[in-house]
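Peer 1: mmCIF, C-alpha atoms and all ligand atoms, saved as final_4.cif, coming up:
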data_start
loop_
_atom_site.label_atom_id
_atom_site.label_comp_id
_atom_site.auth_asym_id
_atom_site.auth_seq_id
_atom_site.Cartn_x
_atom_site.Cartn_y
_atom_site.Cartn_z
CA MET A 1108 0.00 0.00 0.00
CA ASN A 1109 1.50 3.38 -0.92
CA ARG A 1110 1.41 6.26 1.55
CA ARG A 1111 -1.42 8.12 -0.20
CA LYS A 1112 -3.59 4.99 0.04
CA LEU A 1113 -2.53 4.53 3.64
CA LEU A 1114 -3.61 8.08 4.47
CA GLN A 1115 -6.89 7.57 2.67
CA SER A 1116 -7.52 4.31 4.44
CA GLY A 1117 -7.46 6.05 7.79
CA LEU A 1118 -4.37 4.19 8.95
CA LEU A 1119 -2.55 7.49 9.33
CA SER A 1120 -2.53 7.49 13.09
CA LEU A 1121 -1.38 3.88 13.23
CA GLY A 1122 1.48 4.04 10.75
CA ALA A 1123 2.52 7.64 10.26
CA LEU A 1124 3.02 8.43 13.89
CA THR A 1125 5.68 5.76 14.11
CA ALA A 1126 7.28 6.62 10.81
CA PHE A 1127 7.01 10.43 10.98
CA PRO A 1128 6.91 11.32 14.68
CA HIS A 1129 7.28 15.04 13.95
CA ILE A 1130 4.07 15.28 11.94
CA SER A 1131 1.17 17.00 13.61
CA ILE A 1132 -2.16 15.45 12.70
CA GLY A 1133 -3.89 18.71 13.60
CA ALA A 1134 -1.86 20.53 11.00
CA PHE A 1135 -4.02 19.11 8.25
CA ALA A 1136 -7.09 18.11 10.19
CA ASP A 1137 -9.45 20.20 8.08
CA LYS A 1138 -8.21 18.71 4.81
CA PRO A 1139 -6.56 15.40 5.68
CA LEU A 1140 -5.77 14.45 2.09
CA GLU A 1141 -4.09 17.63 0.93
CA LEU A 1142 -1.16 15.89 -0.75
CA ASP A 1143 0.48 16.57 -4.09
CA SER A 1144 1.22 13.83 -6.62
CA ASP A 1145 4.53 13.04 -4.88
CA GLY A 1146 2.81 12.62 -1.53
CA ASN A 1147 4.07 15.94 -0.11
CA ILE A 1148 1.80 17.78 2.27
CA PHE A 1149 0.45 21.23 1.43
CA ARG A 1150 1.13 23.28 4.54
CA SER A 1151 0.18 26.66 3.07
CA PRO A 1152 -0.20 28.38 -0.30
CA MET A 1153 3.58 28.76 -0.33
CA VAL A 1154 4.86 25.70 1.55
CA ARG A 1155 4.77 22.00 0.90
CA GLU A 1156 6.54 19.64 3.26
CA VAL A 1157 8.52 16.82 1.68
CA LEU A 1158 8.18 13.61 3.67
CA PRO A 1159 10.48 10.59 3.73
CA GLY A 1160 9.29 7.37 2.12
CA PHE A 1161 6.91 5.44 4.34
CA ARG A 1162 8.36 2.77 6.64
CA MET A 1163 6.91 1.23 9.75
CA ASP A 1164 10.39 1.02 11.34
CA PRO A 1165 12.43 4.16 10.62
CA PRO A 1166 16.10 3.92 11.70
CA ALA A 1167 17.09 5.33 15.07
CA LEU A 1168 18.55 8.82 14.78
CA LEU A 1169 22.07 9.69 15.94
CA ALA A 1170 21.31 13.38 15.44
CA LYS A 1171 17.67 14.42 15.87
CA LEU A 1172 17.67 17.79 14.15
CA ASN A 1173 14.04 17.93 13.04
CA ALA A 1174 12.02 19.54 15.85
CA ASN A 1175 14.01 22.55 17.13
CA GLU A 1176 14.53 20.96 20.54
CA ASN A 1177 17.17 21.88 23.10
CA PRO A 1178 19.86 19.15 22.93
CA TYR A 1179 21.20 19.93 26.43
CA GLY A 1180 18.06 19.85 28.56
CA PRO A 1181 16.31 19.35 30.87
CA SER A 1182 18.68 21.12 33.25
CA GLU A 1183 19.93 19.12 36.22
CA LEU A 1184 17.89 21.31 38.56
CA ALA A 1185 14.75 20.54 36.54
CA GLN A 1186 15.47 16.81 36.61
CA LYS A 1187 15.93 16.92 40.38
CA ALA A 1188 12.66 18.85 40.77
CA VAL A 1189 10.78 16.20 38.73
CA ASN A 1190 12.25 13.38 40.81
CA GLU A 1191 11.43 15.06 44.09
CA SER A 1192 7.88 16.05 43.15
CA VAL A 1193 6.72 12.78 41.56
CA VAL A 1194 5.83 11.34 44.97
CA ARG A 1195 3.05 13.96 45.30
CA GLY A 1196 1.68 13.23 41.83
CA ASN A 1197 -1.53 11.77 43.25
CA ARG A 1198 -2.73 15.36 43.86
CA TYR A 1199 -4.02 17.98 41.45
CA ALA A 1200 -1.54 20.81 41.37
CA TRP A 1201 -3.76 23.88 41.80
CA LYS A 1202 -1.76 25.68 44.47
CA GLU A 1203 1.54 24.81 42.81
CA LEU A 1204 0.21 26.05 39.48
CA PHE A 1205 -0.79 29.37 41.04
CA ASP A 1206 2.69 29.65 42.57
CA LEU A 1207 4.25 29.15 39.13
CA ILE A 1208 1.84 31.69 37.61
CA GLY A 1209 2.93 34.18 40.27
CA LYS A 1210 6.57 33.59 39.41
CA ILE A 1211 5.96 34.02 35.68
CA ALA A 1212 3.82 37.12 36.27
CA ALA A 1213 6.66 38.69 38.27
CA LYS A 1214 9.13 37.88 35.47
CA GLU A 1215 6.85 39.35 32.79
CA GLY A 1216 5.97 42.40 34.92
CA VAL A 1217 2.20 41.82 34.84
CA PRO A 1218 -0.39 40.81 37.49
CA PRO A 1219 -1.07 37.04 37.70
CA ASN A 1220 -4.52 37.39 36.11
CA HIS A 1221 -2.73 38.16 32.82
CA ILE A 1222 -1.27 34.62 32.59
CA MET A 1223 -2.74 31.33 31.39
CA MET A 1224 -0.65 28.16 31.52
CA GLY A 1225 -0.83 25.12 29.26
CA PRO A 1226 0.94 21.81 28.60
CA GLY A 1227 3.20 23.47 26.03
CA SER A 1228 2.24 26.61 24.17
CA SER A 1229 0.61 24.43 21.48
CA ASP A 1230 -2.30 23.86 23.84
CA LEU A 1231 -2.83 27.62 24.13
CA LEU A 1232 -2.40 28.27 20.42
CA GLU A 1233 -5.17 25.75 19.88
CA LYS A 1234 -7.42 27.17 22.61
CA VAL A 1235 -7.07 30.68 21.18
CA ALA A 1236 -7.87 29.35 17.69
CA ILE A 1237 -11.03 27.67 18.97
CA ILE A 1238 -12.37 30.63 20.94
CA SER A 1239 -11.54 33.04 18.11
CA PHE A 1240 -13.23 31.17 15.28
CA MET A 1241 -16.22 29.33 16.74
CA LYS A 1242 -18.37 31.82 14.87
CA GLY A 1243 -16.22 32.02 11.73
CA GLY A 1244 -14.14 34.95 10.56
CA ASN A 1245 -10.69 35.20 9.06
CA ILE A 1246 -7.14 35.00 10.37
CA VAL A 1247 -4.30 37.07 8.93
CA SER A 1248 -0.71 35.78 9.12
CA ALA A 1249 2.54 35.58 7.21
CA ASP A 1250 3.32 32.75 4.80
CA PRO A 1251 5.51 30.83 5.50
CA THR A 1252 4.96 30.65 9.24
CA TYR A 1253 4.30 28.18 12.07
CA MET A 1254 1.05 26.45 11.18
CA SER A 1255 -0.37 25.14 14.45
CA LEU A 1256 -2.72 28.00 15.34
CA ILE A 1257 -3.69 28.57 11.71
CA SER A 1258 -4.53 24.92 11.06
CA VAL A 1259 -6.78 24.69 14.11
CA SER A 1260 -8.38 28.03 13.18
CA LYS A 1261 -9.18 26.66 9.73
CA ALA A 1262 -10.53 23.44 11.18
CA THR A 1263 -12.72 25.50 13.52
CA GLY A 1264 -14.18 27.50 10.63
CA ALA A 1265 -11.80 30.36 9.82
CA THR A 1266 -10.64 31.40 6.41
CA TRP A 1267 -6.95 32.19 6.20
CA LYS A 1268 -5.45 35.29 4.64
CA ALA A 1269 -1.84 34.22 4.02
CA ILE A 1270 0.41 37.21 3.38
CA PRO A 1271 3.76 36.35 1.75
CA CYS A 1272 6.83 37.33 3.76
CA LYS A 1273 9.02 40.09 2.36
CA ASP A 1274 12.16 39.30 0.36
CA ASP A 1275 14.23 39.35 3.58
CA TRP A 1276 11.67 36.89 5.07
CA SER A 1277 10.41 39.36 7.69
CA HIS A 1278 6.65 39.91 8.10
CA ASP A 1279 5.12 42.25 5.52
CA LEU A 1280 3.34 44.29 8.18
CA LYS A 1281 1.95 46.81 5.70
CA ALA A 1282 0.30 44.11 3.61
CA MET A 1283 -0.93 42.36 6.75
CA GLU A 1284 -2.54 45.56 8.03
CA ALA A 1285 -4.19 46.10 4.64
CA ALA A 1286 -5.56 42.54 4.78
CA VAL A 1287 -7.37 43.13 8.08
CA ASP A 1288 -11.10 43.64 7.43
CA SER A 1289 -14.31 43.72 9.46
CA ASN A 1290 -14.37 39.91 9.49
CA THR A 1291 -10.80 39.46 10.83
CA LYS A 1292 -10.86 37.89 14.28
CA LEU A 1293 -7.12 37.42 14.87
CA VAL A 1294 -3.71 38.34 13.47
CA TYR A 1295 -0.95 35.76 14.08
CA ILE A 1296 2.71 36.78 14.16
CA CYS A 1297 5.54 34.37 14.86
CA ASN A 1298 8.72 36.25 15.79
CA PRO A 1299 11.38 34.89 15.26
CA ASN A 1300 9.48 33.02 12.57
CA ASN A 1301 9.46 29.26 12.03
CA PRO A 1302 10.52 27.72 9.58
CA THR A 1303 12.65 30.65 8.35
CA GLY A 1304 14.39 31.77 11.58
CA ALA A 1305 13.98 35.37 10.37
CA VAL A 1306 12.97 38.25 12.64
CA THR A 1307 10.69 41.21 12.17
CA SER A 1308 11.96 44.55 13.53
CA GLY A 1309 10.83 45.24 17.10
CA THR A 1310 10.23 48.92 16.37
CA GLU A 1311 8.04 48.16 13.37
CA LEU A 1312 6.18 45.49 15.29
CA ILE A 1313 5.42 47.80 18.21
CA ASP A 1314 4.05 50.36 15.79
CA PHE A 1315 1.96 47.71 14.00
CA CYS A 1316 0.61 46.15 17.21
CA SER A 1317 -0.19 49.51 18.81
CA ARG A 1318 -2.35 50.52 15.87
CA VAL A 1319 -3.84 47.27 14.60
CA SER A 1320 -4.69 45.80 18.02
CA ASP A 1321 -7.27 48.60 18.42
CA LYS A 1322 -9.21 46.81 15.65
CA VAL A 1323 -8.41 43.14 16.18
CA PRO A 1324 -6.49 40.99 18.73
CA ILE A 1325 -2.91 40.18 17.74
CA PHE A 1326 -1.30 36.90 18.78
CA ILE A 1327 2.50 37.03 18.96
CA ASP A 1328 4.24 33.68 19.19
CA GLU A 1329 7.61 34.27 20.87
CA ALA A 1330 8.70 30.62 21.16
CA TYR A 1331 12.28 31.47 20.10
CA MET A 1332 12.58 35.01 21.52
CA GLU A 1333 15.30 34.15 24.07
CA LEU A 1334 17.50 32.98 21.18
CA ALA A 1335 17.04 36.14 19.09
CA GLY A 1336 20.03 37.99 20.57
CA GLY A 1337 21.84 40.20 18.09
CA SER A 1338 18.65 41.13 16.25
CA ASP A 1339 16.67 44.35 16.62
CA THR A 1340 13.63 42.61 18.05
CA HIS A 1341 12.26 41.94 21.51
CA SER A 1342 9.15 40.76 23.37
CA MET A 1343 5.91 42.66 22.85
CA VAL A 1344 4.79 42.01 26.43
CA GLY A 1345 5.28 45.69 27.39
CA LEU A 1346 2.30 46.62 25.20
CA LEU A 1347 -0.04 44.95 27.67
CA LYS A 1348 0.61 47.79 30.12
CA GLN A 1349 -0.78 50.14 27.48
CA LYS A 1350 -3.96 48.04 27.52
CA LYS A 1351 -3.33 46.74 24.00
CA ASN A 1352 -5.31 43.69 22.96
CA ILE A 1353 -2.39 41.39 22.29
CA ILE A 1354 -1.70 37.81 23.32
CA ILE A 1355 1.90 36.67 23.72
CA ALA A 1356 2.85 32.99 23.77
CA ARG A 1357 6.03 31.71 25.44
CA THR A 1358 7.26 28.16 25.84
CA PHE A 1359 9.54 26.18 28.15
CA SER A 1360 10.32 23.83 25.23
CA LYS A 1361 13.22 25.71 23.69
CA VAL A 1362 15.72 27.64 25.82
CA MET A 1363 14.56 25.83 29.00
CA GLY A 1364 14.87 22.38 27.40
CA LEU A 1365 11.49 21.00 28.54
CA ALA A 1366 9.85 20.10 25.19
CA GLY A 1367 8.79 16.66 26.39
CA ILE A 1368 7.79 17.88 29.84
CA ARG A 1369 5.23 20.27 28.31
CA VAL A 1370 4.89 23.73 29.81
CA GLY A 1371 3.95 26.98 28.08
CA TYR A 1372 1.92 30.10 28.75
CA ILE A 1373 0.23 33.09 27.25
CA VAL A 1374 0.25 36.64 28.58
CA ALA A 1375 -2.84 38.69 27.67
CA GLN A 1376 -5.41 41.10 29.05
CA PRO A 1377 -7.38 39.51 31.94
CA GLU A 1378 -10.67 39.79 29.99
CA TYR A 1379 -9.10 37.76 27.18
CA ILE A 1380 -7.86 35.11 29.62
CA GLN A 1381 -11.35 34.95 31.17
CA LYS A 1382 -12.90 34.40 27.74
CA ILE A 1383 -10.75 31.28 27.31
CA ASP A 1384 -11.37 30.21 30.91
CA GLN A 1385 -15.13 30.26 30.35
CA ILE A 1386 -14.97 27.29 28.00
CA THR A 1387 -11.70 25.50 28.79
CA ARG A 1388 -9.66 24.49 31.84
CA GLY A 1389 -6.53 26.58 31.62
CA GLY A 1390 -3.52 24.83 33.14
CA MET A 1391 -5.41 21.57 33.76
CA GLY A 1392 -3.23 19.68 31.28
CA ILE A 1393 0.08 20.36 33.04
CA ALA A 1394 1.51 17.46 35.02
CA TYR A 1395 2.38 18.01 38.69
CA THR A 1396 6.04 17.23 37.98
CA SER A 1397 6.13 19.61 34.99
CA ILE A 1398 5.20 22.54 37.22
CA PHE A 1399 8.23 21.84 39.41
CA ALA A 1400 10.49 21.34 36.38
CA ALA A 1401 9.37 24.73 35.05
CA THR A 1402 9.94 26.48 38.36
CA ALA A 1403 13.44 25.02 38.69
CA SER A 1404 14.26 25.85 35.05
CA MET A 1405 13.30 29.49 35.52
CA ASP A 1406 15.81 29.71 38.36
CA ASP A 1407 18.55 27.97 36.38
CA HIS A 1408 19.95 31.03 34.63
CA ALA A 1409 23.30 29.31 34.07
CA PHE A 1410 21.59 26.56 32.04
CA GLN A 1411 19.68 29.09 29.92
CA GLN A 1412 22.85 31.09 29.29
CA MET A 1413 24.79 27.95 28.38
CA THR A 1414 22.03 26.98 25.90
CA ILE A 1415 22.09 30.41 24.26
CA GLU A 1416 25.89 30.44 23.97
CA ARG A 1417 26.16 26.90 22.62
CA ASN A 1418 23.30 27.52 20.20
CA ASN A 1419 25.18 30.53 18.84
CA ASP A 1420 28.48 28.62 18.64
CA VAL A 1421 26.91 25.68 16.83
CA LYS A 1422 25.04 27.99 14.45
CA LYS A 1423 28.26 29.83 13.67
CA PHE A 1424 30.01 26.52 13.00
CA LEU A 1425 27.20 25.37 10.70
CA CYS A 1426 26.92 28.67 8.82
CA GLY A 1427 30.71 28.75 8.32
CA HIS A 1428 30.50 25.36 6.61
CA LEU A 1429 27.40 26.31 4.62
CA ASP A 1430 29.27 29.41 3.41
CA LYS A 1431 32.22 27.26 2.32
CA MET A 1432 29.91 24.84 0.51
CA GLY A 1433 28.08 27.70 -1.22
CA TYR A 1434 24.69 27.28 0.45
CA ASN A 1435 22.69 30.50 0.65
CA TYR A 1436 20.98 30.17 4.06
CA ILE A 1437 18.52 32.59 5.67
CA PRO A 1438 20.22 34.36 8.62
CA SER A 1439 18.65 32.72 11.66
CA TYR A 1440 17.72 34.20 15.03
CA ALA A 1441 16.49 30.88 16.41
CA ASN A 1442 17.82 27.35 16.92
CA PHE A 1443 17.41 26.20 13.32
CA VAL A 1444 18.61 27.26 9.89
CA LEU A 1445 16.71 27.09 6.57
CA PHE A 1446 18.70 26.83 3.35
CA PRO A 1447 17.95 25.85 -0.25
CA ILE A 1448 19.26 22.51 -1.52
CA THR A 1449 19.66 21.20 -5.04
CA ILE A 1450 19.23 17.49 -4.29
CA PRO A 1451 15.59 16.29 -4.62
CA GLY A 1452 13.86 16.48 -1.21
CA LYS A 1453 13.05 12.80 -0.73
CA LYS A 1454 16.58 11.72 -1.66
CA PHE A 1455 18.02 14.35 0.67
CA LEU A 1456 15.89 13.10 3.56
CA SER A 1457 16.71 9.46 2.95
CA ASP A 1458 20.45 10.11 2.49
CA MET A 1459 20.48 12.07 5.74
CA GLU A 1460 18.48 9.39 7.50
CA SER A 1461 20.78 6.63 6.27
CA LYS A 1462 23.54 8.36 8.28
CA GLY A 1463 21.27 8.73 11.30
CA VAL A 1464 20.44 12.41 10.76
CA GLY A 1465 16.84 13.67 10.97
CA VAL A 1466 15.99 17.03 9.37
CA ARG A 1467 12.94 18.61 7.70
CA VAL A 1468 12.53 19.48 4.04
CA PHE A 1469 10.11 22.01 2.58
CA GLN A 1470 9.31 23.35 -0.86
CA VAL A 1471 8.99 27.13 -0.76
CA LYS A 1472 8.89 29.52 -3.71
CA SER A 1473 9.70 26.71 -6.16
CA LYS A 1474 12.91 25.78 -4.30
CA THR A 1475 13.58 22.84 -1.99
CA TRP A 1476 14.86 23.80 1.47
CA CYS A 1477 16.38 21.93 4.38
CA ARG A 1478 15.51 23.06 7.89
CA VAL A 1479 18.11 21.80 10.32
CA SER A 1480 17.83 22.32 14.08
CA MET A 1481 20.93 23.12 16.13
CA GLY A 1482 22.08 19.99 17.97
CA THR A 1483 25.25 19.50 19.96
CA MET A 1484 28.56 20.25 18.21
CA ASP A 1485 29.06 16.49 17.58
CA GLU A 1486 25.58 16.19 16.04
CA MET A 1487 26.26 19.22 13.86
CA GLN A 1488 29.57 17.76 12.75
CA LEU A 1489 27.71 14.61 11.65
CA PHE A 1490 25.20 16.75 9.73
CA VAL A 1491 27.98 18.74 8.02
CA ASN A 1492 29.94 15.57 7.11
CA THR A 1493 26.81 14.00 5.66
CA LEU A 1494 26.02 17.13 3.66
CA GLN A 1495 29.59 17.34 2.34
CA ASN A 1496 29.41 13.75 1.11
CA MET A 1497 26.10 14.17 -0.73
CA SER A 1498 25.97 14.57 -4.46
C1 LIG B 1501 6.80 28.94 16.68
C2 LIG B 1501 6.39 27.84 17.58
N1 LIG B 1501 5.36 28.04 18.41
C3 LIG B 1501 4.94 27.08 19.25
C4 LIG B 1501 5.56 25.85 19.27
C5 LIG B 1501 5.02 24.80 20.18
O1 LIG B 1501 5.82 24.61 21.25
P1 LIG B 1501 5.34 23.86 22.57
O2 LIG B 1501 3.97 23.34 22.37
O3 LIG B 1501 6.33 22.78 22.78
O4 LIG B 1501 5.37 24.92 23.64
C6 LIG B 1501 6.63 25.59 18.42
C7 LIG B 1501 7.32 24.28 18.43
O5 LIG B 1501 8.24 23.99 17.75
C8 LIG B 1501 7.06 26.61 17.55
O6 LIG B 1501 8.06 26.44 16.69
#
For the file at hand, write its structure as structure tokens.
Ligand SMILES: Cc1ncc(COP(=O)(O)O)c(C=O)c1O
Peer 2:
Amino acid sequence: MNRRKLLQSGLLSLGALTAFPHISIGAFADKPLELDSDGNIFRSPMVREVLPGFRMDPPALLAKLNANENPYGPSELAQKAVNESVVRGNRYAWKELFDLIGKIAAKEGVPPNHIMMGPGSSDLLEKVAIISFMKGGNIVSADPTYMSLISVSKATGATWKAIPCKDDWSHDLKAMEAAVDSNTKLVYICNPNNPTGAVTSGTELIDFCSRVSDKVPIFIDEAYMELAGGSDTHSMVGLLKQKKNIIIARTFSKVMGLAGIRVGYIVAQPEYIQKIDQITRGGMGIAYTSIFAATASMDDHAFQQMTIERNNDVKKFLCGHLDKMGYNYIPSYANFVLFPITIPGKKFLSDMESKGVGVRVFQVKSKTWCRVSMGTMDEMQLFVNTLQNMS
């Protein structure tokens, strides 16, 4: 059975989750069969994702560079906190959750009623999509961008106004503002953006958010913000003090190294948080142990700093080699790099995989691109060696 037939037969969850663990079912829930003739998935008007050939038993990876994870985490303090708290895991963690909310509120400089927690920011992206589009409307975002919130919005009933990124891959804020109409219920901005790694200027974004959020809520996904050092961008959280209707998402999955432990949050106006609270249980999905891992991680500044420094070192190493090999990558302000390749996508993926390297491949603007996450220096060396030996 080929993969298209497998998808059509409804065996997707059985087979594909083992073969393609990075694929989000929700990402194409509204149109489950949106595949091209090569079996690539349409992610957006501009992006198709190239998938490896289907196998029930993919080889184990020596370098897992396909999900923008932190290769150094969880920090030792977080591991200790999980071990020590597991014994109390028979209890719901309401008080402990409120303590963590208080800590995050203090860090963000807002009162605690501005925070909602979730098991990863994905949970909150999805909740916002559902409450925004239960009665229809449209969502405005860049293309390419991170698809989670947009896919759930579409599945809930939204139409999507996809605004192509500018030539430097930053958000085209002018075009996005022009696309907002009386039926727009949400604007989504991912900064730094995934899968490009590009940033949008903080000054321009403040100007855009200040004006446009008077008409429509703006959701700013800052999953990679801690890694954006050296760019002219920063968090938009300060706009909340000016009563702007913005929602900012942060995650513990990247710089804190807790992707599998699942903690994230949004910061928004209390009325917005209440709107979500009316129909969902904010924070209910977070495990007791995850709350303690998050608290310990916030205090482990040395671990965060080490992650940022190593991420920069590894990125510099990679980009130096890409320069030497003549690859024209997009300057990245995150923990991944996107660059065009000339080898056909499926062959690239399978050649990488045969050496134990997992990456992602996309087709954007009629080119094929590899998105490689920053691993450890050894993992990156393996990636570079494999790339050098490809023809
Ligand atoms: C831009 C962006 N937002 C949100 C997420 C979801 O992160 P999590 O659910 O682990 O917090 C990711 C994950 O890679 C991401 O790249």
Peer 1: For ligand LIG 1501 (chain B), return the neighbouring residues as a PDB file with C-alpha atoms, in the frame of the given file (distance at most 8 Å; only C-alpha atoms and all ligand atoms).
Peer 2:
ATOM      1  CA  ALA A1174      12.020  19.540  15.850  1.00  0.00           C
ATOM      2  CA  ASN A1175      14.010  22.550  17.130  1.00  0.00           C
ATOM      3  CA  GLU A1176      14.530  20.960  20.540  1.00  0.00           C
ATOM      4  CA  PRO A1226       0.940  21.810  28.600  1.00  0.00           C
ATOM      5  CA  GLY A1227       3.200  23.470  26.030  1.00  0.00           C
ATOM      6  CA  SER A1228       2.240  26.610  24.170  1.00  0.00           C
ATOM      7  CA  SER A1229       0.610  24.430  21.480  1.00  0.00           C
ATOM      8  CA  ASP A1230      -2.300  23.860  23.840  1.00  0.00           C
ATOM      9  CA  LEU A1232      -2.400  28.270  20.420  1.00  0.00           C
ATOM     10  CA  THR A1252       4.960  30.650   9.240  1.00  0.00           C
ATOM     11  CA  TYR A1253       4.300  28.180  12.070  1.00  0.00           C
ATOM     12  CA  SER A1255      -0.370  25.140  14.450  1.00  0.00           C
ATOM     13  CA  CYS A1297       5.540  34.370  14.860  1.00  0.00           C
ATOM     14  CA  ASN A1298       8.720  36.250  15.790  1.00  0.00           C
ATOM     15  CA  PRO A1299      11.380  34.890  15.260  1.00  0.00           C
ATOM     16  CA  ASN A1300       9.480  33.020  12.570  1.00  0.00           C
ATOM     17  CA  ASN A1301       9.460  29.260  12.030  1.00  0.00           C
ATOM     18  CA  PRO A1302      10.520  27.720   9.580  1.00  0.00           C
ATOM     19  CA  ASP A1328       4.240  33.680  19.190  1.00  0.00           C
ATOM     20  CA  GLU A1329       7.610  34.270  20.870  1.00  0.00           C
ATOM     21  CA  ALA A1330       8.700  30.620  21.160  1.00  0.00           C
ATOM     22  CA  TYR A1331      12.280  31.470  20.100  1.00  0.00           C
ATOM     23  CA  ALA A1356       2.850  32.990  23.770  1.00  0.00           C
ATOM     24  CA  ARG A1357       6.030  31.710  25.440  1.00  0.00           C
ATOM     25  CA  THR A1358       7.260  28.160  25.840  1.00  0.00           C
ATOM     26  CA  PHE A1359       9.540  26.180  28.150  1.00  0.00           C
ATOM     27  CA  SER A1360      10.320  23.830  25.230  1.00  0.00           C
ATOM     28  CA  LYS A1361      13.220  25.710  23.690  1.00  0.00           C
ATOM     29  CA  LEU A1365      11.490  21.000  28.540  1.00  0.00           C
ATOM     30  CA  ALA A1366       9.850  20.100  25.190  1.00  0.00           C
ATOM     31  CA  GLY A1367       8.790  16.660  26.390  1.00  0.00           C
ATOM     32  CA  ARG A1369       5.230  20.270  28.310  1.00  0.00           C
ATOM     33  CA  VAL A1370       4.890  23.730  29.810  1.00  0.00           C
ATOM     34  CA  GLY A1371       3.950  26.980  28.080  1.00  0.00           C
TER      35      GLY A1371
END
Peer 1: Any idea what's packed within 7 Å of Gly1452 of chain A, counting all atoms listed in the file, ignoring anything in its chain fewer than 4 positions away? Could you give it as a VMD selection string?
Peer 2: chain A and resid 1157 1456 1468 1475
Peer 1: Just the number, please: distance in Å from atom CA of Glu1233 of chain A to atom CA of Lys1382 of chain A, one decimal.
Peer 2: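 Atom CA of Glu1233 of chain A sits 14.0 Å away from atom CA of Lys1382 of chain A.
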Peer 1: Can you tell me, as a compact mmCIF listing (two decimals) with C-alpha atoms, keeping the file's coordinate frame, what residues are no more than 10 Å from segment 1436-1449 of chain A when counting all atoms listed in the file, ignoring any on the same chain fewer than 2 positions away?
Peer 2:
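Full text of selection-v8.txt as output:
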# COMPACT_ATOMS: atom_id res chain seq x y z
CA LEU A 1172 17.67 17.79 14.15
CA ASN A 1173 14.04 17.93 13.04
CA ALA A 1174 12.02 19.54 15.85
CA ASN A 1175 14.01 22.55 17.13
CA GLU A 1176 14.53 20.96 20.54
CA ASN A 1177 17.17 21.88 23.10
CA ASP A 1275 14.23 39.35 3.58
CA TRP A 1276 11.67 36.89 5.07
CA ASN A 1298 8.72 36.25 15.79
CA PRO A 1299 11.38 34.89 15.26
CA ASN A 1300 9.48 33.02 12.57
CA ASN A 1301 9.46 29.26 12.03
CA PRO A 1302 10.52 27.72 9.58
CA THR A 1303 12.65 30.65 8.35
CA GLY A 1304 14.39 31.77 11.58
CA ALA A 1305 13.98 35.37 10.37
CA VAL A 1306 12.97 38.25 12.64
CA ALA A 1330 8.70 30.62 21.16
CA TYR A 1331 12.28 31.47 20.10
CA MET A 1332 12.58 35.01 21.52
CA GLU A 1333 15.30 34.15 24.07
CA LEU A 1334 17.50 32.98 21.18
CA ALA A 1335 17.04 36.14 19.09
CA GLY A 1336 20.03 37.99 20.57
CA GLY A 1337 21.84 40.20 18.09
CA SER A 1338 18.65 41.13 16.25
CA THR A 1340 13.63 42.61 18.05
CA LYS A 1361 13.22 25.71 23.69
CA VAL A 1362 15.72 27.64 25.82
CA THR A 1414 22.03 26.98 25.90
CA ILE A 1415 22.09 30.41 24.26
CA ASN A 1418 23.30 27.52 20.20
CA ASN A 1419 25.18 30.53 18.84
CA VAL A 1421 26.91 25.68 16.83
CA LYS A 1422 25.04 27.99 14.45
CA LEU A 1425 27.20 25.37 10.70
CA CYS A 1426 26.92 28.67 8.82
CA LEU A 1429 27.40 26.31 4.62
CA ASP A 1430 29.27 29.41 3.41
CA GLY A 1433 28.08 27.70 -1.22
CA TYR A 1434 24.69 27.28 0.45
CA PRO A 1451 15.59 16.29 -4.62
CA GLY A 1452 13.86 16.48 -1.21
CA PHE A 1455 18.02 14.35 0.67
CA ARG A 1467 12.94 18.61 7.70
CA VAL A 1468 12.53 19.48 4.04
CA PHE A 1469 10.11 22.01 2.58
CA GLN A 1470 9.31 23.35 -0.86
CA VAL A 1471 8.99 27.13 -0.76
CA LYS A 1474 12.91 25.78 -4.30
CA THR A 1475 13.58 22.84 -1.99
CA TRP A 1476 14.86 23.80 1.47
CA CYS A 1477 16.38 21.93 4.38
CA ARG A 1478 15.51 23.06 7.89
CA VAL A 1479 18.11 21.80 10.32
CA SER A 1480 17.83 22.32 14.08
CA MET A 1481 20.93 23.12 16.13
CA GLY A 1482 22.08 19.99 17.97
CA SER A 1498 25.97 14.57 -4.46
Peer 1: Could you state the separation of atom CA of Tyr1379 of chain A and atom CA of Val1323 of chain A in Å, given to one decimal place?
Peer 2: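 Value for the atom CA of Tyr1379 of chain A-atom CA of Val1323 of chain A distance: 12.3 Å.
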Peer 1: Work out where the centre of an axis-aligned box around every listed atom of segment 1248-1264 of chain A lies and how long its edges are once 6 Å is added on each side; give both in Å to one decimal as lines of an AutoDock Vina configuration file.
Peer 2:
center_x = -4.3
center_y = 29.6
center_z = 10.1
size_x = 31.7
size_y = 24.3
size_z = 22.5
Peer 1: Which polymer residues have any atom within 12 Å of an atom of Val1194 of chain A, counting only C-alpha atoms, with same-chain residues fewer than 6 positions away left out, as a VMD selection string?
Peer 2: chain A and resid 1188 1395 to 1396
Peer 1: Save out the residues we just selected, C-alpha atoms, as a short mmCIF file (atom, residue, chain, number, x, y, z; two decimals), in the frame of the given file.
Peer 2:
data_model
loop_
_atom_site.label_atom_id
_atom_site.label_comp_id
_atom_site.auth_asym_id
_atom_site.auth_seq_id
_atom_site.Cartn_x
_atom_site.Cartn_y
_atom_site.Cartn_z
CA ALA A 1188 12.66 18.85 40.77
CA TYR A 1395 2.38 18.01 38.69
CA THR A 1396 6.04 17.23 37.98
#
